[in-house]
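Participant: So here's structure10.txt, just compact mmCIF, C-alpha atoms and all ligand atoms:
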```txt
# COMPACT_ATOMS: atom_id res chain seq x y z
CA MET R 1 0.00 0.00 0.00
CA SER R 2 1.47 3.37 -0.98
CA ILE R 3 -0.66 5.61 1.22
CA VAL R 4 -2.65 4.67 4.30
CA VAL R 5 -4.70 7.39 5.99
CA GLU R 6 -6.42 6.40 9.23
CA GLN R 7 -8.82 8.56 11.22
CA VAL R 8 -7.03 11.76 10.34
CA SER R 9 -8.29 15.06 11.71
CA LYS R 10 -6.69 18.47 11.34
CA LEU R 11 -7.67 21.61 13.16
CA TYR R 12 -6.68 25.17 12.35
CA GLY R 13 -7.56 26.87 15.62
CA GLU R 14 -11.25 26.13 16.08
CA GLN R 15 -11.77 25.11 12.49
CA LYS R 16 -11.80 21.46 11.53
CA ALA R 17 -10.23 21.22 8.08
CA LEU R 18 -10.19 17.39 8.14
CA ASP R 19 -12.61 15.27 10.10
CA GLN R 20 -11.70 11.59 10.65
CA VAL R 21 -10.54 10.89 7.14
CA ASN R 22 -9.79 7.30 6.09
CA PHE R 23 -8.57 5.97 2.76
CA THR R 24 -5.80 3.96 1.18
CA VAL R 25 -4.03 4.23 -2.15
CA SER R 26 -2.42 1.15 -3.70
CA SER R 27 0.87 1.21 -5.49
CA GLY R 28 0.44 2.33 -9.12
CA GLU R 29 -2.97 3.90 -8.69
CA VAL R 30 -3.76 7.32 -10.12
CA ILE R 31 -6.28 8.79 -7.78
CA GLY R 32 -8.23 12.01 -8.22
CA PHE R 33 -8.91 14.02 -5.11
CA LEU R 34 -11.98 16.07 -5.83
CA GLY R 35 -13.79 18.67 -3.80
CA PRO R 36 -14.89 22.30 -3.74
CA ASN R 37 -12.67 25.09 -2.44
CA GLY R 38 -12.04 24.78 1.26
CA ALA R 39 -12.90 21.06 1.35
CA GLY R 40 -9.54 20.13 2.87
CA LYS R 41 -7.67 18.82 -0.18
CA SER R 42 -4.49 20.88 0.24
CA THR R 43 -4.41 20.17 3.96
CA MET R 44 -4.58 16.40 3.34
CA MET R 45 -1.86 16.60 0.70
CA LYS R 46 0.47 18.61 2.95
CA ILE R 47 0.03 15.96 5.64
CA ILE R 48 0.77 13.10 3.24
CA SER R 49 3.89 14.93 2.02
CA GLY R 50 5.15 15.37 5.57
CA PHE R 51 4.88 19.17 5.61
CA ILE R 52 2.35 19.49 8.43
CA PRO R 53 1.33 16.92 11.05
CA PRO R 54 -2.27 15.82 11.67
CA ASN R 55 -3.87 16.54 15.05
CA GLU R 56 -5.30 13.06 15.22
CA GLY R 57 -4.85 9.84 13.30
CA LYS R 58 -2.03 8.25 11.40
CA VAL R 59 -0.65 8.49 7.88
CA MET R 60 1.77 5.99 6.41
CA VAL R 61 3.51 6.49 3.07
CA CYS R 62 5.33 3.47 1.61
CA GLY R 63 5.41 2.02 5.13
CA HIS R 64 6.78 5.14 6.84
CA ASP R 65 4.91 7.23 9.38
CA VAL R 66 4.70 10.86 8.23
CA VAL R 67 5.25 12.22 11.74
CA GLU R 68 7.83 9.78 13.11
CA ASP R 69 9.73 9.21 9.90
CA THR R 70 9.32 12.50 8.01
CA MET R 71 12.71 12.37 6.29
CA GLU R 72 12.04 8.92 4.83
CA VAL R 73 8.58 10.07 3.69
CA LYS R 74 10.07 13.07 1.90
CA LYS R 75 12.39 10.75 0.00
CA LYS R 76 9.45 8.65 -1.17
CA VAL R 77 7.14 11.53 -2.04
CA GLY R 78 7.30 14.16 -4.74
CA TYR R 79 5.06 17.12 -3.99
CA LEU R 80 3.81 19.88 -6.25
CA PRO R 81 2.22 22.43 -3.93
CA GLU R 82 -0.82 24.46 -4.88
CA HIS R 83 0.16 27.70 -6.70
CA ASN R 84 3.56 26.08 -7.43
CA PRO R 85 5.96 28.45 -5.69
CA LEU R 86 9.12 28.79 -7.76
CA TYR R 87 12.16 31.05 -7.70
CA LEU R 88 11.34 33.28 -10.65
CA ASP R 89 14.86 34.73 -10.86
CA MET R 90 16.49 31.33 -11.25
CA TYR R 91 17.12 29.61 -14.55
CA VAL R 92 15.31 26.32 -15.22
CA LYS R 93 18.46 24.17 -15.09
CA GLU R 94 19.92 26.06 -12.17
CA TYR R 95 16.70 25.59 -10.19
CA LEU R 96 16.45 21.86 -10.88
CA LYS R 97 20.13 21.42 -9.91
CA PHE R 98 19.43 23.34 -6.73
CA VAL R 99 16.48 21.10 -5.81
CA GLY R 100 18.43 17.97 -6.77
CA SER R 101 21.35 19.01 -4.56
CA ILE R 102 19.03 19.08 -1.54
CA TYR R 103 18.33 15.38 -2.17
CA LYS R 104 22.05 14.72 -2.76
CA ILE R 105 21.28 13.04 -6.08
CA PRO R 106 24.34 11.38 -7.63
CA ASN R 107 25.18 12.33 -11.22
CA LEU R 108 22.86 15.30 -10.87
CA LYS R 109 23.67 16.91 -14.21
CA HIS R 110 22.46 13.81 -16.02
CA ARG R 111 19.34 13.58 -13.86
CA VAL R 112 18.44 17.22 -14.58
CA ASP R 113 18.74 16.56 -18.32
CA GLU R 114 16.54 13.49 -17.93
CA MET R 115 13.87 15.51 -16.14
CA ILE R 116 13.98 18.28 -18.76
CA GLU R 117 13.44 15.66 -21.43
CA LEU R 118 10.63 13.93 -19.53
CA VAL R 119 8.55 17.03 -18.89
CA GLY R 120 9.24 18.59 -22.29
CA LEU R 121 11.29 21.60 -21.23
CA GLY R 122 13.98 21.17 -23.89
CA LEU R 123 13.44 24.49 -25.62
CA GLU R 124 12.96 26.38 -22.38
CA GLN R 125 15.80 24.89 -20.38
CA HIS R 126 18.07 27.93 -20.59
CA LYS R 127 15.37 30.45 -19.70
CA GLN R 128 14.66 32.17 -16.47
CA ILE R 129 11.61 30.68 -14.70
CA GLY R 130 10.01 34.13 -14.56
CA ALA R 131 10.02 34.25 -18.36
CA LEU R 132 8.04 31.02 -18.75
CA SER R 133 4.31 30.68 -19.36
CA LYS R 134 2.15 29.17 -16.63
CA GLY R 135 2.07 25.81 -18.43
CA TYR R 136 5.87 25.62 -18.60
CA ARG R 137 6.18 26.71 -14.98
CA GLN R 138 3.96 23.74 -14.09
CA ARG R 139 6.36 21.49 -15.99
CA VAL R 140 9.23 22.89 -13.91
CA GLY R 141 7.12 22.19 -10.79
CA ILE R 142 6.50 18.60 -11.89
CA ALA R 143 10.21 18.09 -12.74
CA GLN R 144 11.13 19.45 -9.31
CA ALA R 145 8.70 17.02 -7.67
CA MET R 146 10.14 14.04 -9.57
CA ILE R 147 13.84 14.75 -9.53
CA HIS R 148 14.57 12.32 -6.68
CA ASP R 149 12.55 9.59 -8.41
CA PRO R 150 9.88 9.28 -5.70
CA GLU R 151 7.42 6.37 -5.64
CA VAL R 152 4.48 8.63 -4.87
CA LEU R 153 3.57 11.93 -6.50
CA ILE R 154 1.25 14.39 -4.81
CA LEU R 155 0.07 17.07 -7.22
CA ASP R 156 -2.09 19.83 -5.76
CA GLU R 157 -4.25 21.37 -8.50
CA PRO R 158 -1.62 20.84 -11.19
CA THR R 159 -3.83 22.22 -13.96
CA SER R 160 -5.41 25.22 -12.30
CA GLY R 161 -4.93 28.48 -14.17
CA LEU R 162 -3.77 26.82 -17.39
CA ASP R 163 -5.19 27.71 -20.79
CA PRO R 164 -6.94 24.90 -22.70
CA ASN R 165 -3.85 23.89 -24.72
CA GLN R 166 -1.58 23.83 -21.71
CA LEU R 167 -4.23 21.87 -19.85
CA VAL R 168 -4.21 19.13 -22.46
CA GLU R 169 -0.40 19.00 -22.42
CA ILE R 170 -0.13 18.77 -18.63
CA ARG R 171 -2.86 16.12 -18.47
CA LYS R 172 -0.92 14.09 -21.05
CA LEU R 173 2.23 14.44 -19.01
CA ILE R 174 0.48 13.31 -15.82
CA THR R 175 -1.01 10.33 -17.66
CA THR R 176 2.49 9.32 -18.82
CA ILE R 177 3.92 9.71 -15.32
CA GLY R 178 0.97 7.78 -13.88
CA LYS R 179 2.06 4.66 -15.73
CA GLU R 180 5.16 4.48 -13.53
CA LYS R 181 4.16 6.05 -10.22
CA THR R 182 1.45 6.24 -7.63
CA VAL R 183 -0.19 9.61 -8.25
CA MET R 184 -2.66 11.57 -6.19
CA LEU R 185 -3.88 14.76 -7.79
CA SER R 186 -6.38 17.27 -6.56
CA THR R 187 -8.69 19.26 -8.73
CA HIS R 188 -12.07 20.85 -8.65
CA ILE R 189 -12.72 19.91 -12.28
CA MET R 190 -14.81 16.76 -12.52
CA GLN R 191 -13.96 16.01 -16.15
CA GLU R 192 -10.29 16.06 -15.30
CA VAL R 193 -10.65 13.11 -12.98
CA GLU R 194 -12.42 11.23 -15.71
CA ALA R 195 -9.58 11.98 -18.14
CA ILE R 196 -6.64 11.04 -15.94
CA CYS R 197 -7.60 8.88 -12.96
CA ASN R 198 -8.64 5.30 -12.21
CA ARG R 199 -10.23 6.17 -8.93
CA VAL R 200 -11.83 9.19 -7.33
CA LEU R 201 -11.95 10.28 -3.74
CA ILE R 202 -14.41 13.06 -3.04
CA ILE R 203 -14.06 15.26 -0.01
CA ASN R 204 -16.48 17.86 1.24
CA ARG R 205 -16.11 19.96 4.38
CA GLY R 206 -13.27 17.79 5.67
CA LYS R 207 -15.06 14.47 5.23
CA VAL R 208 -14.70 11.82 2.55
CA VAL R 209 -18.11 11.53 0.90
CA ALA R 210 -17.27 9.09 -1.91
CA ASP R 211 -14.45 6.72 -2.82
CA LYS R 212 -15.09 4.93 -6.09
CA PRO R 213 -13.54 3.67 -9.30
CA VAL R 214 -13.96 6.26 -12.05
CA THR R 215 -15.94 3.77 -14.12
CA GLU R 216 -18.68 3.83 -11.47
CA ILE R 217 -19.11 7.57 -11.39
CA ARG R 218 -18.77 8.28 -15.08
CA GLY R 219 -22.53 8.69 -15.34
CA ALA R 220 -22.72 11.25 -12.58
CA LEU R 221 -19.71 13.16 -13.86
CA SER R 222 -20.89 13.53 -17.38
CA SER R 223 -24.65 13.11 -17.13
CA LYS R 224 -26.41 15.42 -19.47
CA GLY R 225 -28.49 18.42 -18.65
CA TYR R 226 -28.47 21.84 -17.11
CA ALA R 227 -30.88 24.36 -15.70
CA LEU R 228 -32.24 27.51 -17.27
CA LYS R 229 -33.37 30.45 -15.21
CA VAL R 230 -36.13 32.31 -17.09
CA GLU R 231 -38.09 35.43 -16.29
CA PHE R 232 -41.37 35.80 -18.21
CA SER R 233 -43.41 39.00 -18.45
CA ALA R 234 -46.69 37.28 -17.63
CA SER R 235 -47.73 34.20 -15.70
CA VAL R 236 -47.25 30.67 -17.03
CA SER R 237 -47.94 27.21 -15.62
CA ALA R 238 -45.49 24.43 -14.86
CA ASN R 239 -47.54 22.01 -16.95
CA ASP R 240 -47.35 24.25 -20.01
CA LEU R 241 -43.61 24.80 -19.54
CA LYS R 242 -43.02 21.04 -19.45
CA LYS R 243 -44.53 20.79 -22.93
CA ILE R 244 -41.42 22.53 -24.32
CA GLU R 245 -39.16 19.92 -25.87
CA GLY R 246 -36.25 19.06 -23.53
CA VAL R 247 -37.83 20.60 -20.45
CA VAL R 248 -38.41 17.90 -17.83
CA GLY R 249 -39.02 20.07 -14.79
CA ALA R 250 -40.24 23.57 -14.00
CA LYS R 251 -39.96 25.17 -10.60
CA GLN R 252 -41.46 28.58 -9.85
CA GLU R 253 -38.98 30.74 -7.93
CA ASN R 254 -41.17 33.78 -7.40
CA GLY R 255 -43.64 35.69 -9.55
CA ASN R 256 -42.83 34.96 -13.18
CA ASN R 257 -39.32 33.65 -12.46
CA TRP R 258 -38.84 29.97 -13.23
CA ILE R 259 -36.05 27.41 -13.07
CA LEU R 260 -36.39 24.98 -15.96
CA GLU R 261 -34.68 21.62 -15.74
CA ILE R 262 -33.30 20.62 -19.13
CA ALA R 263 -32.59 16.95 -19.77
CA THR R 264 -30.32 17.36 -22.80
CA ASP R 265 -27.24 19.40 -23.61
CA GLU R 266 -29.07 21.01 -26.55
CA ASP R 267 -29.64 24.74 -26.44
CA VAL R 268 -33.40 25.07 -25.85
CA ARG R 269 -33.51 28.87 -25.58
CA GLN R 270 -35.12 29.34 -28.99
CA LEU R 271 -37.85 26.87 -28.02
CA VAL R 272 -38.50 28.82 -24.82
CA PHE R 273 -38.80 32.04 -26.84
CA ASN R 274 -41.20 30.39 -29.27
CA PHE R 275 -43.26 29.06 -26.37
CA ALA R 276 -43.55 32.59 -24.92
CA VAL R 277 -44.59 34.10 -28.25
CA GLU R 278 -47.20 31.40 -28.86
CA ASN R 279 -48.67 32.11 -25.44
CA GLN R 280 -48.79 35.90 -25.82
CA ASN R 281 -46.00 36.09 -23.26
CA SER R 282 -42.40 37.26 -23.54
CA VAL R 283 -39.03 36.35 -22.08
CA LEU R 284 -37.39 39.16 -20.09
CA THR R 285 -34.20 37.35 -19.06
CA MET R 286 -32.74 33.89 -19.51
CA GLN R 287 -29.65 32.42 -17.90
CA ARG R 288 -28.04 28.99 -18.12
CA ILE R 289 -26.99 27.41 -14.84
CA GLU R 290 -24.42 24.60 -15.05
CA LYS R 291 -24.72 21.56 -12.89
CA SER R 292 -22.77 22.37 -9.76
CA MET R 293 -20.31 20.23 -7.88
CA GLU R 294 -22.86 20.16 -5.06
CA ASP R 295 -25.42 18.59 -7.41
CA VAL R 296 -22.94 15.94 -8.44
CA PHE R 297 -22.13 15.24 -4.79
CA LYS R 298 -25.81 14.71 -4.13
CA GLU R 299 -26.01 12.26 -7.00
CA LEU R 300 -22.89 10.42 -5.96
CA THR R 301 -23.69 10.14 -2.29
CA ALA R 302 -27.39 9.38 -2.59
CA SER R 303 -27.79 5.68 -1.92
P1 LIG R 401 -8.87 22.97 -0.36
O1 LIG R 401 -7.47 22.71 -0.77
O2 LIG R 401 -9.79 21.80 -0.58
O3 LIG R 401 -9.42 24.21 -0.99
P2 LIG R 401 -7.73 23.57 2.25
O4 LIG R 401 -7.12 22.33 2.76
O5 LIG R 401 -6.84 24.59 1.67
O6 LIG R 401 -8.90 23.19 1.22
O7 LIG R 401 -8.56 24.25 3.41
C1 LIG R 401 -9.48 23.56 4.24
C2 LIG R 401 -10.02 24.53 5.26
O8 LIG R 401 -9.00 24.88 6.19
C3 LIG R 401 -10.51 25.83 4.67
O9 LIG R 401 -11.66 26.24 5.36
C4 LIG R 401 -9.38 26.79 4.90
O10 LIG R 401 -9.84 28.10 5.05
C5 LIG R 401 -8.78 26.27 6.17
N1 LIG R 401 -7.32 26.50 6.21
C6 LIG R 401 -6.41 26.01 5.35
N2 LIG R 401 -5.15 26.37 5.70
C7 LIG R 401 -5.27 27.11 6.80
C8 LIG R 401 -4.33 27.78 7.67
N3 LIG R 401 -3.02 27.72 7.44
N4 LIG R 401 -4.82 28.45 8.73
C9 LIG R 401 -6.14 28.47 8.97
N5 LIG R 401 -7.08 27.88 8.22
C10 LIG R 401 -6.66 27.19 7.15
MG MG R 402 -6.32 23.64 -2.10
```
Can you give me the file's structure in the form of structure tokens?

Facilitator:
Amino acid sequence: MSIVVEQVSKLYGEQKALDQVNFTVSSGEVIGFLGPNGAGKSTMMKIISGFIPPNEGKVMVCGHDVVEDTMEVKKKVGYLPEHNPLYLDMYVKEYLKFVGSIYKIPNLKHRVDEMIELVGLGLEQHKQIGALSKGYRQRVGIAQAMIHDPEVLILDEPTSGLDPNQLVEIRKLITTIGKEKTVMLSTHIMQEVEAICNRVLIINRGKVVADKPVTEIRGALSSKGYALKVEFSASVSANDLKKIEGVVGAKQENGNNWILEIATDEDVRQLVFNFAVENQNSVLTMQRIEKSMEDVFKELTAS
């Protein structure tokens, strides 16, 4: 077992960031750690990486206790912190040599070249980190996390803030790395888990609310539909609204404001306009509401 987390709680003052968390990660798994902002993802990852201790419970990484055997844990774990703090004034190669020297890596020059090759930094290797795009800075962060060839990689929101092209590239890189290592990555993007991971662990308000193979939650992650918030100028009935193609539910918010539940991913706005016109009514405002993480949680945790 690569990671064993038993009854872990973490308090910041009065606030409980983690509340009796339990899970295990087997060697070679690529696990997605999903949850909204403030759920406790970064806190859990810092504990696993040996950077902060839990208040209660026990965490073992590759057989070593993160509190009693922190140095051993740091040798086994590569950690990319959230917001990837880097020395912007340093050059890519200089920085990787600096990190490698902390781990006393033999034949460091060769190892740095290997890392540059692996993460695709060849053309950027002589640049200053401050001159790199966000996507390339993430590559430097991943190279830094892997330079000592750890068994376990902990990547905290590795794709946040990347543009769509960079996102695809970094996901590809993580998928490649995941073939060799145990990887735990946090994200608040559901589709990302589907793209990269075999298993998903969902945390909400410090508690694990789901722990499942990705194949089991694919439906919930990608199930079709959205909601449409519509304001009409005159009154309508729920029954009439449900006659619009694609509309499976209609909930009156107040007055002539309605939330329509749409069962497809098709754009039904034109149909709603037509409906209003046919009924001597008109649409004043219309707004699409995406399915929220909370909705998905409800689906996933409903038994
Ligand atoms: P996530 O990474 O899922 O967004 P975090 O682990 O960063 O969640 O935070 C969990 C909770 O703990 C949040 O409510 C956050 O405000 C709080 N928290 C995190 N770090 C600290 C800290 N150093 N001091 C006080 N509260 C913190
Ligand atoms: Mg975080």

Participant: List all protein, DNA and RNA residues that have at least one atom no more than 9 Å from any atom of ligand MG 402 (chain R), counting only C-alpha atoms and all ligand atoms, and write them as a list in words.

Facilitator: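 Listing the residues within 9 Å of ligand MG 402 (chain R) gives Pro36, Asn37, Gly38, Ala39, Gly40, Lys41, Ser42, Thr43, Met45, Pro81, Glu82, His83, Asp156, Glu157, Ser186 and Thr187 of chain R.
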
Participant: Tell me, in Å to one decimal, how far atom CA of Leu86 of chain R is from atom CA of Val66 of chain R.

Facilitator: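 That distance, rounded to one decimal, is 24.4 Å.
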
Participant: What does the distance from atom C1 of ligand LIG 401 (chain R) to atom CA of Ser9 of chain R come to in Å, to one decimal?

Facilitator: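 One can read the atom C1 of ligand LIG 401 (chain R) to atom CA of Ser9 of chain R distance as 11.4 Å.
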
Participant: Determine the nearest neighbour of Lys74 of chain R from the options R:Leu96, R:Leu132, R:Leu153, R:Val112, counting only C-alpha atoms.

Facilitator: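 Checking each of R:Leu96, R:Leu132, R:Leu153, R:Val112 against Lys74 of chain R, counting only C-alpha atoms, the winner is R:Leu153.
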
Participant: Need the shell around segment 50-64 of chain R: protein/DNA/RNA residues with any atom at most 10 Å away, counting all atoms listed in the file. Skip same-chain ones fewer than 3 positions apart. Format as an NGL selection string?

Facilitator: :R and (1-12 or 16 or 18-27 or 43-47 or 67-74 or 76-77 or 79 or 151-152)

Participant: Enumerate, as a PDB file with C-alpha atoms, in the frame of the given file, the protein, DNA and RNA residues whose atoms approach (-50.9, 37.4, -21.0) to within 7 Å, taking into account all atoms listed in the file and the coordinate frame of the file.

Facilitator:
```pdb
ATOM      1  CA  ALA R 234     -46.690  37.280 -17.630  1.00  0.00           C
ATOM      2  CA  SER R 235     -47.730  34.200 -15.700  1.00  0.00           C
ATOM      3  CA  GLN R 280     -48.790  35.900 -25.820  1.00  0.00           C
ATOM      4  CA  ASN R 281     -46.000  36.090 -23.260  1.00  0.00           C
TER       5      ASN R 281
END
```

Participant: Using atom CA of Ile262 of chain R and atom CA of Val248 of chain R as the two end points, give the distance in Å to one decimal.

Facilitator: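 Going from atom CA of Ile262 of chain R over to atom CA of Val248 of chain R covers 5.9 Å.
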
Participant: Select, from R:Ile147, R:Ile142, R:Gly122, R:Lys179, the residue with the minimum atom-to-atom distance to Phe98 of chain R, counting all atoms listed in the file.

Facilitator: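 Going through R:Ile147, R:Ile142, R:Gly122, R:Lys179 one by one, the smallest distance to Phe98 of chain R is for R:Ile147.
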
Participant: Using only C-alpha atoms, which protein or nucleic acid residues come within 8 Å of Val140 of chain R? Drop anything in the same chain fewer than 2 positions from it, and give the result as a PyMOL selection string.

Facilitator: chain R and resi 92+96+119+121+136-138+142-144
